[in-house]
$ cat entry17.cif   # mmCIF, C-alpha atoms
data_work
#
loop_
_atom_site.group_PDB
_atom_site.id
_atom_site.type_symbol
_atom_site.label_atom_id
_atom_site.label_comp_id
_atom_site.auth_asym_id
_atom_site.auth_seq_id
_atom_site.Cartn_x
_atom_site.Cartn_y
_atom_site.Cartn_z
ATOM 1 C CA ALA A 931 29.338 -18.639 -65.872
ATOM 2 C CA GLU A 932 30.219 -19.605 -69.440
ATOM 3 C CA ARG A 933 26.557 -20.151 -70.260
ATOM 4 C CA GLU A 934 25.627 -16.718 -68.876
ATOM 5 C CA ALA A 935 28.463 -15.103 -70.827
ATOM 6 C CA ALA A 936 27.208 -16.793 -73.993
ATOM 7 C CA THR A 937 23.665 -15.600 -73.254
ATOM 8 C CA GLN A 938 24.872 -12.019 -72.822
ATOM 9 C CA ARG A 939 26.755 -12.219 -76.164
ATOM 10 C CA PHE A 940 23.572 -13.329 -77.898
ATOM 11 C CA ILE A 941 21.498 -10.616 -76.195
ATOM 12 C CA ALA A 942 24.072 -8.008 -77.280
ATOM 13 C CA LEU A 943 23.685 -9.292 -80.814
ATOM 14 C CA LEU A 944 19.919 -8.860 -80.645
ATOM 15 C CA ALA A 945 20.277 -5.237 -79.525
ATOM 16 C CA ALA A 946 22.958 -4.436 -82.116
ATOM 17 C CA SER A 947 20.946 -5.978 -84.952
ATOM 18 C CA GLY A 948 17.943 -3.687 -84.379
ATOM 19 C CA VAL A 949 15.707 -6.503 -83.206
ATOM 20 C CA ASP A 950 12.409 -5.261 -81.770
ATOM 21 C CA PRO A 951 12.037 -6.733 -78.234
ATOM 22 C CA GLU A 952 8.282 -6.740 -78.805
ATOM 23 C CA GLY A 953 8.590 -8.411 -82.209
ATOM 24 C CA SER A 954 8.479 -12.091 -83.167
ATOM 25 C CA TRP A 955 11.190 -14.672 -82.716
ATOM 26 C CA ASP A 956 11.158 -15.372 -86.447
ATOM 27 C CA ASP A 957 12.059 -11.761 -87.208
ATOM 28 C CA ALA A 958 14.827 -11.806 -84.578
ATOM 29 C CA MET A 959 16.247 -15.009 -86.067
ATOM 30 C CA LYS A 960 16.286 -13.578 -89.611
ATOM 31 C CA ARG A 961 18.224 -10.514 -88.425
ATOM 32 C CA THR A 962 20.880 -12.459 -86.528
ATOM 33 C CA VAL A 963 21.268 -15.861 -88.157
ATOM 34 C CA ASN A 964 24.251 -14.887 -90.314
ATOM 35 C CA HIS A 965 26.270 -13.408 -87.458
ATOM 36 C CA ALA A 966 28.963 -15.437 -85.706
ATOM 37 C CA ASP A 967 27.514 -14.716 -82.229
ATOM 38 C CA TYR A 968 24.231 -16.323 -83.330
ATOM 39 C CA ARG A 969 25.910 -19.617 -82.453
ATOM 40 C CA ALA A 970 27.122 -18.413 -79.050
ATOM 41 C CA LEU A 971 24.246 -20.500 -77.737
ATOM 42 C CA GLN A 972 24.248 -24.028 -79.060
ATOM 43 C CA THR A 973 20.531 -24.799 -79.397
ATOM 44 C CA LEU A 974 17.581 -23.042 -80.964
ATOM 45 C CA GLY A 975 15.649 -23.375 -77.695
ATOM 46 C CA ASP A 976 18.416 -21.558 -75.774
ATOM 47 C CA ARG A 977 18.456 -18.721 -78.339
ATOM 48 C CA LYS A 978 14.666 -18.315 -78.181
ATOM 49 C CA ALA A 979 14.728 -18.347 -74.361
ATOM 50 C CA ALA A 980 17.434 -15.647 -74.392
ATOM 51 C CA PHE A 981 15.322 -13.569 -76.813
ATOM 52 C CA GLU A 982 12.274 -13.830 -74.536
ATOM 53 C CA ARG A 983 14.379 -12.969 -71.466
ATOM 54 C CA TRP A 984 15.816 -9.941 -73.251
ATOM 55 C CA GLY A 985 12.336 -8.730 -74.221
ATOM 56 C CA ARG A 986 11.056 -9.207 -70.664
ATOM 57 C CA GLU A 987 13.996 -7.312 -69.151
ATOM 58 C CA ARG A 988 13.608 -4.475 -71.678
ATOM 59 C CA ARG A 989 9.904 -4.154 -70.843
ATOM 60 C CA GLU A 990 10.585 -4.145 -67.095
ATOM 61 C CA ALA A 991 13.293 -1.509 -67.523
ATOM 62 C CA ALA A 992 10.987 0.654 -69.642
ATOM 63 C CA GLU A 993 8.191 0.370 -67.072
ATOM 64 C CA ALA A 994 10.572 1.259 -64.230
ATOM 65 C CA ALA A 995 11.809 4.283 -66.186
ATOM 66 C CA ALA A 996 8.220 5.376 -66.838
ATOM 67 C CA ARG A 997 7.363 5.092 -63.147
ATOM 68 C CA ALA A 998 10.461 7.095 -62.209
ATOM 69 C CA GLU A 999 9.543 9.766 -64.741
ATOM 70 C CA GLU A 1000 5.986 9.884 -63.385
ATOM 71 C CA ARG A 1001 7.285 10.290 -59.842
ATOM 72 C CA ARG A 1002 9.640 13.050 -60.987
ATOM 73 C CA ARG A 1003 6.785 14.953 -62.644
ATOM 74 C CA LYS A 1004 4.694 14.658 -59.473
ATOM 75 C CA VAL A 1005 7.570 15.820 -57.290
ATOM 76 C CA ASP A 1006 8.169 18.780 -59.608
ATOM 77 C CA PHE A 1007 4.450 19.604 -59.513
ATOM 78 C CA LEU A 1008 4.380 19.579 -55.704
ATOM 79 C CA THR A 1009 7.581 21.611 -55.578
ATOM 80 C CA LEU A 1010 5.873 24.182 -57.791
ATOM 81 C CA LEU A 1011 2.911 24.366 -55.407
ATOM 82 C CA LYS A 1012 5.084 24.612 -52.292
ATOM 83 C CA GLY A 1013 7.015 27.465 -53.840
ATOM 84 C CA ARG A 1014 3.906 29.638 -54.082
ATOM 85 C CA PRO A 1015 3.016 30.989 -50.616
ATOM 86 C CA GLU A 1016 -0.130 32.633 -51.979
ATOM 87 C CA LEU A 1017 -1.691 29.180 -52.232
ATOM 88 C CA THR A 1018 -3.615 28.280 -49.078
ATOM 89 C CA SER A 1019 -5.961 25.498 -48.057
ATOM 90 C CA ARG A 1020 -8.841 27.713 -49.219
ATOM 91 C CA THR A 1021 -7.452 28.151 -52.763
ATOM 92 C CA ARG A 1022 -9.561 26.068 -55.104
ATOM 93 C CA TYR A 1023 -8.174 24.174 -58.077
ATOM 94 C CA PRO A 1024 -9.506 26.563 -60.802
ATOM 95 C CA GLU A 1025 -7.838 29.483 -59.021
ATOM 96 C CA ALA A 1026 -4.533 27.598 -58.839
ATOM 97 C CA GLU A 1027 -4.826 26.663 -62.515
ATOM 98 C CA ALA A 1028 -5.377 30.293 -63.471
ATOM 99 C CA LEU A 1029 -2.260 31.212 -61.516
ATOM 100 C CA LEU A 1030 0.045 28.358 -62.566
ATOM 101 C CA GLY A 1031 -1.534 26.865 -65.695
ATOM 102 C CA LYS A 1032 1.255 28.033 -68.025
ATOM 103 C CA GLU A 1033 4.079 26.694 -65.882
ATOM 104 C CA ALA A 1034 6.050 23.805 -67.457
ATOM 105 C CA ARG A 1035 5.886 21.798 -64.221
ATOM 106 C CA TRP A 1036 2.092 22.232 -64.192
ATOM 107 C CA LEU A 1037 1.732 21.144 -67.807
ATOM 108 C CA ALA A 1038 4.120 18.189 -67.355
ATOM 109 C CA LEU A 1039 1.239 16.362 -65.649
ATOM 110 C CA ALA A 1040 -0.819 15.940 -68.757
ATOM 111 C CA ASP A 1041 -3.599 13.936 -67.109
ATOM 112 C CA GLU A 1042 -6.049 16.602 -65.865
ATOM 113 C CA PRO A 1043 -7.913 14.410 -63.324
ATOM 114 C CA GLU A 1044 -4.589 13.200 -61.897
ATOM 115 C CA ARG A 1045 -3.312 16.780 -61.630
ATOM 116 C CA GLU A 1046 -6.475 17.935 -59.875
ATOM 117 C CA GLU A 1047 -6.392 14.973 -57.488
ATOM 118 C CA LEU A 1048 -2.768 15.695 -56.588
ATOM 119 C CA TYR A 1049 -3.598 19.356 -56.018
ATOM 120 C CA GLU A 1050 -6.511 18.487 -53.714
ATOM 121 C CA GLU A 1051 -4.214 16.221 -51.689
ATOM 122 C CA TYR A 1052 -1.765 19.114 -51.354
ATOM 123 C CA ALA A 1053 -4.554 21.504 -50.278
ATOM 124 C CA LEU A 1054 -5.641 18.972 -47.641
ATOM 125 C CA SER A 1055 -2.082 18.763 -46.303
ATOM 126 C CA LEU A 1056 -2.028 22.561 -46.149
ATOM 127 C CA GLU A 1057 -5.268 22.528 -44.179
ATOM 128 C CA ARG A 1058 -3.783 20.107 -41.627
ATOM 129 C CA LYS A 1059 -0.600 22.170 -41.381
ATOM 130 C CA GLU A 1060 -2.479 25.443 -40.965
ATOM 131 C CA GLY A 1061 -4.716 23.873 -38.309
ATOM 132 C CA ALA A 1062 -1.710 22.637 -36.351
ATOM 133 C CA GLU A 1063 -0.086 26.067 -36.609
ATOM 134 C CA ARG A 1064 -3.255 27.781 -35.366
ATOM 135 C CA ARG A 1065 -3.501 25.419 -32.405
ATOM 136 C CA ALA A 1066 0.164 25.904 -31.544
ATOM 137 C CA ALA A 1067 -0.181 29.693 -31.763
ATOM 138 C CA ARG A 1068 -3.287 29.615 -29.544
ATOM 139 C CA GLN A 1069 -1.526 27.461 -26.956
ATOM 140 C CA ALA A 1070 1.431 29.872 -26.996
ATOM 141 C CA ARG A 1071 -0.884 32.846 -26.389
ATOM 142 C CA MET A 1072 -2.619 31.023 -23.550
ATOM 143 C CA ALA A 1073 0.750 30.119 -22.008
ATOM 144 C CA ALA A 1074 1.780 33.790 -22.239
ATOM 145 C CA LEU A 1075 -1.364 34.835 -20.349
ATOM 146 C CA ARG A 1076 -0.726 32.216 -17.668
ATOM 147 C CA ALA A 1077 2.835 33.524 -17.279
ATOM 148 C CA LEU A 1078 1.378 37.029 -16.868
ATOM 149 C CA LEU A 1079 -0.936 35.833 -14.098
ATOM 150 C CA GLU A 1080 2.048 34.243 -12.350
ATOM 151 C CA ARG A 1081 4.141 37.434 -12.645
ATOM 152 C CA GLU A 1082 1.300 39.525 -11.250
ATOM 153 C CA ALA A 1083 1.001 37.146 -8.271
ATOM 154 C CA VAL A 1084 -2.665 36.363 -8.913
ATOM 155 C CA SER A 1085 -3.804 34.203 -5.987
ATOM 156 C CA ALA A 1086 -6.358 31.446 -5.623
ATOM 157 C CA ARG A 1087 -8.752 33.956 -4.045
ATOM 158 C CA SER A 1088 -8.476 36.513 -6.851
ATOM 159 C CA GLN A 1089 -11.687 37.370 -8.687
ATOM 160 C CA TRP A 1090 -11.837 37.359 -12.478
ATOM 161 C CA ARG A 1091 -13.635 40.695 -12.582
ATOM 162 C CA LYS A 1092 -10.850 42.442 -10.674
ATOM 163 C CA VAL A 1093 -8.042 40.653 -12.497
ATOM 164 C CA HIS A 1094 -9.545 41.558 -15.869
ATOM 165 C CA ALA A 1095 -9.978 45.164 -14.805
ATOM 166 C CA ALA A 1096 -6.325 45.346 -13.780
ATOM 167 C CA LEU A 1097 -4.782 43.450 -16.704
ATOM 168 C CA GLY A 1098 -7.364 43.840 -19.471
ATOM 169 C CA GLU A 1099 -5.136 46.125 -21.540
ATOM 170 C CA ALA A 1100 -2.102 43.834 -21.394
ATOM 171 C CA ALA A 1101 -0.971 42.426 -24.744
ATOM 172 C CA GLU A 1102 -1.338 38.879 -23.382
ATOM 173 C CA MET A 1103 -5.017 39.565 -22.639
ATOM 174 C CA ILE A 1104 -5.770 41.285 -25.928
ATOM 175 C CA ALA A 1105 -4.213 38.410 -27.909
ATOM 176 C CA LEU A 1106 -6.958 36.026 -26.753
ATOM 177 C CA ASP A 1107 -10.723 36.035 -27.099
ATOM 178 C CA LYS A 1108 -12.939 36.279 -24.018
ATOM 179 C CA VAL A 1109 -13.554 32.550 -23.760
ATOM 180 C CA ASP A 1110 -9.846 31.681 -23.831
ATOM 181 C CA ARG A 1111 -9.004 34.415 -21.315
ATOM 182 C CA LEU A 1112 -11.517 33.076 -18.837
ATOM 183 C CA SER A 1113 -10.438 29.496 -19.521
ATOM 184 C CA VAL A 1114 -6.794 30.314 -18.747
ATOM 185 C CA PHE A 1115 -7.787 32.154 -15.561
ATOM 186 C CA GLU A 1116 -10.003 29.339 -14.281
ATOM 187 C CA GLU A 1117 -7.383 26.700 -15.074
ATOM 188 C CA TYR A 1118 -4.712 28.773 -13.325
ATOM 189 C CA ILE A 1119 -6.879 29.328 -10.232
ATOM 190 C CA GLY A 1120 -7.705 25.621 -10.179
ATOM 191 C CA SER A 1121 -4.007 24.725 -10.197
ATOM 192 C CA LEU A 1122 -3.365 27.157 -7.323
ATOM 193 C CA GLU A 1123 -6.227 25.700 -5.313
ATOM 194 C CA GLU A 1124 -4.941 22.187 -5.945
ATOM 195 C CA LYS A 1125 -1.441 23.169 -4.771
ATOM 196 C CA GLU A 1126 -2.852 24.798 -1.636
ATOM 197 C CA GLU A 1127 -4.926 21.728 -0.840
ATOM 198 C CA GLN A 1128 -1.913 19.472 -1.356
ATOM 199 C CA ALA A 1129 0.154 21.676 0.964
ATOM 200 C CA LYS A 1130 -2.587 21.625 3.609
ATOM 201 C CA GLN A 1131 -2.901 17.869 3.296
ATOM 202 C CA ALA A 1132 0.866 17.507 3.707
ATOM 203 C CA GLU A 1133 0.744 19.735 6.801
ATOM 204 C CA ARG A 1134 -2.096 17.706 8.283
ATOM 205 C CA GLU A 1135 -0.216 14.460 7.634
ATOM 206 C CA ALA A 1136 2.949 15.896 9.175
ATOM 207 C CA ALA A 1137 1.013 17.141 12.207
ATOM 208 C CA ARG A 1138 -0.634 13.729 12.650
ATOM 209 C CA ARG A 1139 2.722 11.974 12.445
ATOM 210 C CA ALA A 1140 4.304 14.409 14.902
ATOM 211 C CA ASP A 1141 1.355 14.089 17.291
ATOM 212 C CA ARG A 1142 1.478 10.297 17.099
ATOM 213 C CA LYS A 1143 5.215 10.378 17.793
ATOM 214 C CA LYS A 1144 4.690 12.654 20.814
ATOM 215 C CA ARG A 1145 1.937 10.474 22.220
ATOM 216 C CA ASP A 1146 4.027 7.328 21.771
ATOM 217 C CA ALA A 1147 6.976 9.001 23.486
ATOM 218 C CA PHE A 1148 4.779 10.215 26.334
ATOM 219 C CA ARG A 1149 3.267 6.778 26.867
ATOM 220 C CA ALA A 1150 6.792 5.355 26.966
ATOM 221 C CA LEU A 1151 7.754 8.002 29.544
ATOM 222 C CA LEU A 1152 4.753 7.164 31.726
ATOM 223 C CA ARG A 1153 5.455 3.463 31.506
ATOM 224 C CA ARG A 1154 9.142 3.961 32.327
ATOM 225 C CA ARG A 1155 8.357 6.088 35.374
ATOM 226 C CA TYR A 1156 5.751 3.572 36.459
ATOM 227 C CA ASP A 1157 8.271 0.764 36.134
ATOM 228 C CA GLU A 1158 10.712 2.859 38.204
ATOM 229 C CA GLY A 1159 8.097 3.177 40.936
ATOM 230 C CA LEU A 1160 7.684 6.924 40.443
ATOM 231 C CA ILE A 1161 3.985 6.734 39.545
ATOM 232 C CA PRO A 1162 1.721 4.791 41.912
ATOM 233 C CA LEU A 1163 -1.154 2.866 40.370
ATOM 234 C CA ALA A 1164 -3.745 5.008 42.189
ATOM 235 C CA ALA A 1165 -2.140 8.319 41.200
ATOM 236 C CA ARG A 1166 -4.276 11.127 39.794
ATOM 237 C CA TRP A 1167 -3.357 12.849 36.582
ATOM 238 C CA ARG A 1168 -2.904 16.324 38.030
ATOM 239 C CA ASP A 1169 -0.435 14.966 40.573
ATOM 240 C CA VAL A 1170 1.492 13.110 37.885
ATOM 241 C CA ALA A 1171 1.518 16.180 35.629
ATOM 242 C CA ALA A 1172 2.826 18.391 38.450
ATOM 243 C CA GLU A 1173 5.542 15.847 39.275
ATOM 244 C CA LEU A 1174 6.605 15.609 35.607
ATOM 245 C CA GLU A 1175 6.794 19.398 35.280
ATOM 246 C CA ALA A 1176 8.884 19.635 38.429
ATOM 247 C CA ALA A 1177 11.230 16.927 37.122
ATOM 248 C CA GLU A 1178 11.638 18.821 33.855
ATOM 249 C CA LYS A 1179 12.503 22.058 35.640
ATOM 250 C CA GLU A 1180 15.029 20.300 37.817
ATOM 251 C CA ALA A 1181 16.673 18.585 34.831
ATOM 252 C CA ARG A 1182 16.407 21.757 32.716
ATOM 253 C CA THR A 1183 15.616 19.549 29.744
ATOM 254 C CA PRO A 1184 11.988 20.121 28.713
ATOM 255 C CA ASN A 1185 10.167 17.087 27.400
ATOM 256 C CA LEU A 1186 10.113 17.820 23.668
ATOM 257 C CA THR A 1187 7.185 15.506 23.201
ATOM 258 C CA LEU A 1188 5.003 17.741 25.360
ATOM 259 C CA ALA A 1189 6.521 21.155 24.658
ATOM 260 C CA GLY A 1190 6.729 21.828 28.430
ATOM 261 C CA LYS A 1191 2.971 21.755 28.857
ATOM 262 C CA TYR A 1192 0.868 18.829 30.042
ATOM 263 C CA ALA A 1193 -2.451 19.305 28.278
ATOM 264 C CA PRO A 1194 -5.675 17.234 28.525
ATOM 265 C CA ARG A 1195 -4.463 15.085 25.626
ATOM 266 C CA GLU A 1196 -1.532 13.880 27.741
ATOM 267 C CA GLY A 1197 -3.972 13.320 30.574
ATOM 268 C CA SER A 1198 -5.953 11.068 28.283
ATOM 269 C CA ALA A 1199 -2.782 9.086 27.544
ATOM 270 C CA PHE A 1200 -2.164 8.755 31.305
ATOM 271 C CA ASP A 1201 -5.726 7.596 31.928
ATOM 272 C CA GLY A 1202 -5.384 5.006 29.186
ATOM 273 C CA LEU A 1203 -2.203 3.646 30.734
ATOM 274 C CA ALA A 1204 -3.760 3.582 34.216
ATOM 275 C CA LYS A 1205 -6.740 1.601 32.939
ATOM 276 C CA ARG A 1206 -4.509 -0.905 31.151
ATOM 277 C CA LEU A 1207 -2.331 -1.324 34.241
ATOM 278 C CA SER A 1208 -5.411 -1.803 36.393
ATOM 279 C CA ARG A 1209 -6.731 -4.497 34.064
ATOM 280 C CA CYS A 1210 -3.266 -6.050 34.067
ATOM 281 C CA LEU A 1211 -3.326 -6.349 37.845
ATOM 282 C CA PHE A 1212 -6.945 -7.269 38.340
ATOM 283 C CA GLY A 1213 -8.238 -8.452 34.948
ATOM 284 C CA SER A 1214 -7.639 -11.307 32.490
ATOM 285 C CA LYS A 1215 -4.419 -12.550 30.881
ATOM 286 C CA ASN A 1216 -5.411 -10.952 27.579
ATOM 287 C CA ASP A 1217 -5.659 -7.595 29.327
ATOM 288 C CA ALA A 1218 -2.233 -8.103 30.848
ATOM 289 C CA ALA A 1219 -0.776 -8.766 27.404
ATOM 290 C CA SER A 1220 -2.286 -5.554 26.046
ATOM 291 C CA ALA A 1221 -0.563 -3.487 28.753
ATOM 292 C CA ARG A 1222 2.890 -4.558 27.575
#
$ encode --input "entry17.cif" --output "structure tokens"
Amino acid sequence: AEREAATQRFIALLAASGVDPEGSWDDAMKRTVNHADYRALQTLGDRKAAFERWGRERREAAEAAARAEERRRKVDFLTLLKGRPELTSRTRYPEAEALLGKEARWLALADEPEREELYEEYALSLERKEGAERRAARQARMAALRALLEREAVSARSQWRKVHAALGEAAEMIALDKVDRLSVFEEYIGSLEEKEEQAKQAEREAARRADRKKRDAFRALLRRRYDEGLIPLAARWRDVAAELEAAEKEARTPNLTLAGKYAPREGSAFDGLAKRLSRCLFGSKNDAASAR
């Protein structure tokens, strides 16, 4: 700490004595040798090292200040450009120079190639921004047309010719070109068709599950009545169906699995059970296992 304090005293002496940080050590020594703080550092080597450190720090500080000033001028230049809405991505550099060439913030960038390069970078950023804005506006117009089709209850079977004839004067239609109008319509119809197909598929799956549940319940009913001795092995389907219907009427509790009607599909289930029971009685052990 004492050594650093002594070094700072010597450096302060160099600055106060008008020593040039880029000058020679001999000149610095001549300017400071008669001052009391010259001996703040004990050796000549320490004094010379402090002089070199001071020069290095002064140079680094000057370079940092120059970079900061350069950044400030660039920021001011870009601020100038952003404040002029008449500049677009299509405005070329000579046009911008004719418009802004007398502005202090324009002239502050004295290097012409650097100024032009910075302007071209700004014009490119404008081009990207304008492109994004155009795409966003187009998507908004297309979304507005889709919302119109939804409000007008356009269905999956609607024809473009008729829809266009009915809605062609709507603002949402006029805002788009022909290609985009047709694209929105086809995409919308496609989404409706996909929803309808998904709904139909869900209905088919539900119907298959319900049918499977009914058939399983009916097989269980047949097996239970067989086990109770109510269905002889040699019984015919029409006799079994008549007996089941009579039992339902007597109990006043229709078999929900059959909806009160014994159709050929239930007959098929009965025939399957009869065949398995027959194999169980007269066939192999594997057949008997399958009847359980």
$ residues_around --input "entry17.cif" --residues "A:Ile1104" --least-positions-apart "5" --cutoff "12 Å" --atoms "all atoms listed in the file" --output "ChimeraX atom specification"
/A:1071-1072,1074-1075,1094,1097-1099,1109-1111
$ residues_near_point --input "entry17.cif" --point "(22.3, -11.5, -76.1)" --cutoff "9 Å" --atoms "all atoms listed in the file" --output "PyMOL selection string"
chain A and resi 935-945+967-968+970+977+980-981+984
$ resolve_selection --input "entry17.cif" --expression "the PyMOL selection byres ((chain A and resi 1073) around 12)" --output "list in words"
Ala1066, Ala1067, Arg1068, Gln1069, Ala1070, Arg1071, Met1072, Ala1074, Leu1075, Arg1076, Ala1077, Leu1078, Leu1079, Glu1080, Glu1102, Met1103, Ala1105, Leu1106, Asp1110, Arg1111, Ser1113, Val1114, Phe1115, Glu1117 and Tyr1118 of chain A
$ residues_around --input "entry17.cif" --residues "A:Asp957" --least-positions-apart "6" --cutoff "12 Å" --atoms "all atoms listed in the file" --output "count of residues only"
9
$ resolve_selection --input "entry17.cif" --expression "the PyMOL selection byres ((chain A and resi 1045) around 12)" --output "PDB file with C-alpha atoms, keeping the file's coordinate frame"
ATOM      1  CA  GLU A1000       5.986   9.884 -63.385  1.00  0.00           C
ATOM      2  CA  ARG A1003       6.785  14.953 -62.644  1.00  0.00           C
ATOM      3  CA  LYS A1004       4.694  14.658 -59.473  1.00  0.00           C
ATOM      4  CA  VAL A1005       7.570  15.820 -57.290  1.00  0.00           C
ATOM      5  CA  ASP A1006       8.169  18.780 -59.608  1.00  0.00           C
ATOM      6  CA  PHE A1007       4.450  19.604 -59.513  1.00  0.00           C
ATOM      7  CA  LEU A1008       4.380  19.579 -55.704  1.00  0.00           C
ATOM      8  CA  LEU A1011       2.911  24.366 -55.407  1.00  0.00           C
ATOM      9  CA  TYR A1023      -8.174  24.174 -58.077  1.00  0.00           C
ATOM     10  CA  PRO A1024      -9.506  26.563 -60.802  1.00  0.00           C
ATOM     11  CA  ALA A1026      -4.533  27.598 -58.839  1.00  0.00           C
ATOM     12  CA  GLU A1027      -4.826  26.663 -62.515  1.00  0.00           C
ATOM     13  CA  GLY A1031      -1.534  26.865 -65.695  1.00  0.00           C
ATOM     14  CA  ARG A1035       5.886  21.798 -64.221  1.00  0.00           C
ATOM     15  CA  TRP A1036       2.092  22.232 -64.192  1.00  0.00           C
ATOM     16  CA  LEU A1037       1.732  21.144 -67.807  1.00  0.00           C
ATOM     17  CA  ALA A1038       4.120  18.189 -67.355  1.00  0.00           C
ATOM     18  CA  LEU A1039       1.239  16.362 -65.649  1.00  0.00           C
ATOM     19  CA  ALA A1040      -0.819  15.940 -68.757  1.00  0.00           C
ATOM     20  CA  ASP A1041      -3.599  13.936 -67.109  1.00  0.00           C
ATOM     21  CA  GLU A1042      -6.049  16.602 -65.865  1.00  0.00           C
ATOM     22  CA  PRO A1043      -7.913  14.410 -63.324  1.00  0.00           C
ATOM     23  CA  GLU A1044      -4.589  13.200 -61.897  1.00  0.00           C
ATOM     24  CA  GLU A1046      -6.475  17.935 -59.875  1.00  0.00           C
ATOM     25  CA  GLU A1047      -6.392  14.973 -57.488  1.00  0.00           C
ATOM     26  CA  LEU A1048      -2.768  15.695 -56.588  1.00  0.00           C
ATOM     27  CA  TYR A1049      -3.598  19.356 -56.018  1.00  0.00           C
ATOM     28  CA  GLU A1050      -6.511  18.487 -53.714  1.00  0.00           C
ATOM     29  CA  GLU A1051      -4.214  16.221 -51.689  1.00  0.00           C
ATOM     30  CA  TYR A1052      -1.765  19.114 -51.354  1.00  0.00           C
TER      31      TYR A1052
END
$ atom_distance --input "entry17.cif" --atom1 "atom CA of A:Ala1165" --atom2 "atom CA of A:Leu1151"
15.3 Å
$ resolve_selection --input "entry17.cif" --expression "the PyMOL selection byres ((chain A and resi 1085) around 12)" --output "ChimeraX atom specification"
/A:1079-1084,1086-1090,1092-1093,1115-1116,1118-1123,1125-1126
$ atom_distance --input "entry17.cif" --atom1 "atom CA of A:Glu1060" --atom2 "atom CA of A:Ala1034"
27.9 Å
$ atom_distance --input "entry17.cif" --atom1 "atom CA of A:Arg1142" --atom2 "atom CA of A:Pro1162"
25.4 Å
$ axis_aligned_box --input "entry17.cif" --around "stretch 956-965 of chain A" --padding-each-side "6 Å" --output "JSON"
{"center_x": 18.7, "center_y": -13.2, "center_z": -87.4, "size_x": 27.1, "size_y": 17.3, "size_z": 17.7}
$ decode --input "entry17.cif" --residues "stretch 1108-1123 of chain A" --atoms "N, CA and C atoms" --output "short mmCIF file (atom, residue, chain, number, x, y, z; two decimals), in the first residue's frame"
data_model
loop_
_atom_site.label_atom_id
_atom_site.label_comp_id
_atom_site.auth_asym_id
_atom_site.auth_seq_id
_atom_site.Cartn_x
_atom_site.Cartn_y
_atom_site.Cartn_z
N LYS A 1108 -56.35 -11.86 -55.53
CA LYS A 1108 -57.12 -13.05 -55.88
C LYS A 1108 -56.47 -14.33 -55.34
N VAL A 1109 -55.15 -14.38 -55.45
CA VAL A 1109 -54.44 -15.59 -55.01
C VAL A 1109 -54.63 -15.82 -53.52
N ASP A 1110 -54.48 -14.75 -52.73
CA ASP A 1110 -54.63 -14.89 -51.28
C ASP A 1110 -56.07 -15.21 -50.89
N ARG A 1111 -57.03 -14.63 -51.60
CA ARG A 1111 -58.44 -14.95 -51.30
C ARG A 1111 -58.70 -16.44 -51.47
N LEU A 1112 -58.27 -16.96 -52.61
CA LEU A 1112 -58.49 -18.37 -52.89
C LEU A 1112 -57.72 -19.25 -51.91
N SER A 1113 -56.51 -18.82 -51.55
CA SER A 1113 -55.70 -19.59 -50.61
C SER A 1113 -56.39 -19.69 -49.25
N VAL A 1114 -56.94 -18.56 -48.77
CA VAL A 1114 -57.65 -18.57 -47.49
C VAL A 1114 -58.87 -19.49 -47.57
N PHE A 1115 -59.62 -19.39 -48.66
CA PHE A 1115 -60.82 -20.22 -48.81
C PHE A 1115 -60.46 -21.71 -48.80
N GLU A 1116 -59.46 -22.09 -49.59
CA GLU A 1116 -59.09 -23.50 -49.67
C GLU A 1116 -58.56 -24.02 -48.33
N GLU A 1117 -57.78 -23.20 -47.65
CA GLU A 1117 -57.27 -23.61 -46.33
C GLU A 1117 -58.42 -23.77 -45.34
N TYR A 1118 -59.38 -22.84 -45.40
CA TYR A 1118 -60.53 -22.91 -44.49
C TYR A 1118 -61.38 -24.14 -44.77
N ILE A 1119 -61.66 -24.41 -46.05
CA ILE A 1119 -62.44 -25.60 -46.42
C ILE A 1119 -61.70 -26.86 -45.99
N GLY A 1120 -60.38 -26.87 -46.19
CA GLY A 1120 -59.59 -28.03 -45.78
C GLY A 1120 -59.70 -28.29 -44.29
N SER A 1121 -59.68 -27.21 -43.48
CA SER A 1121 -59.79 -27.39 -42.03
C SER A 1121 -61.17 -27.91 -41.66
N LEU A 1122 -62.22 -27.44 -42.37
CA LEU A 1122 -63.57 -27.96 -42.10
C LEU A 1122 -63.67 -29.43 -42.44
N GLU A 1123 -63.11 -29.80 -43.59
CA GLU A 1123 -63.15 -31.20 -44.00
C GLU A 1123 -62.40 -32.10 -43.01
#
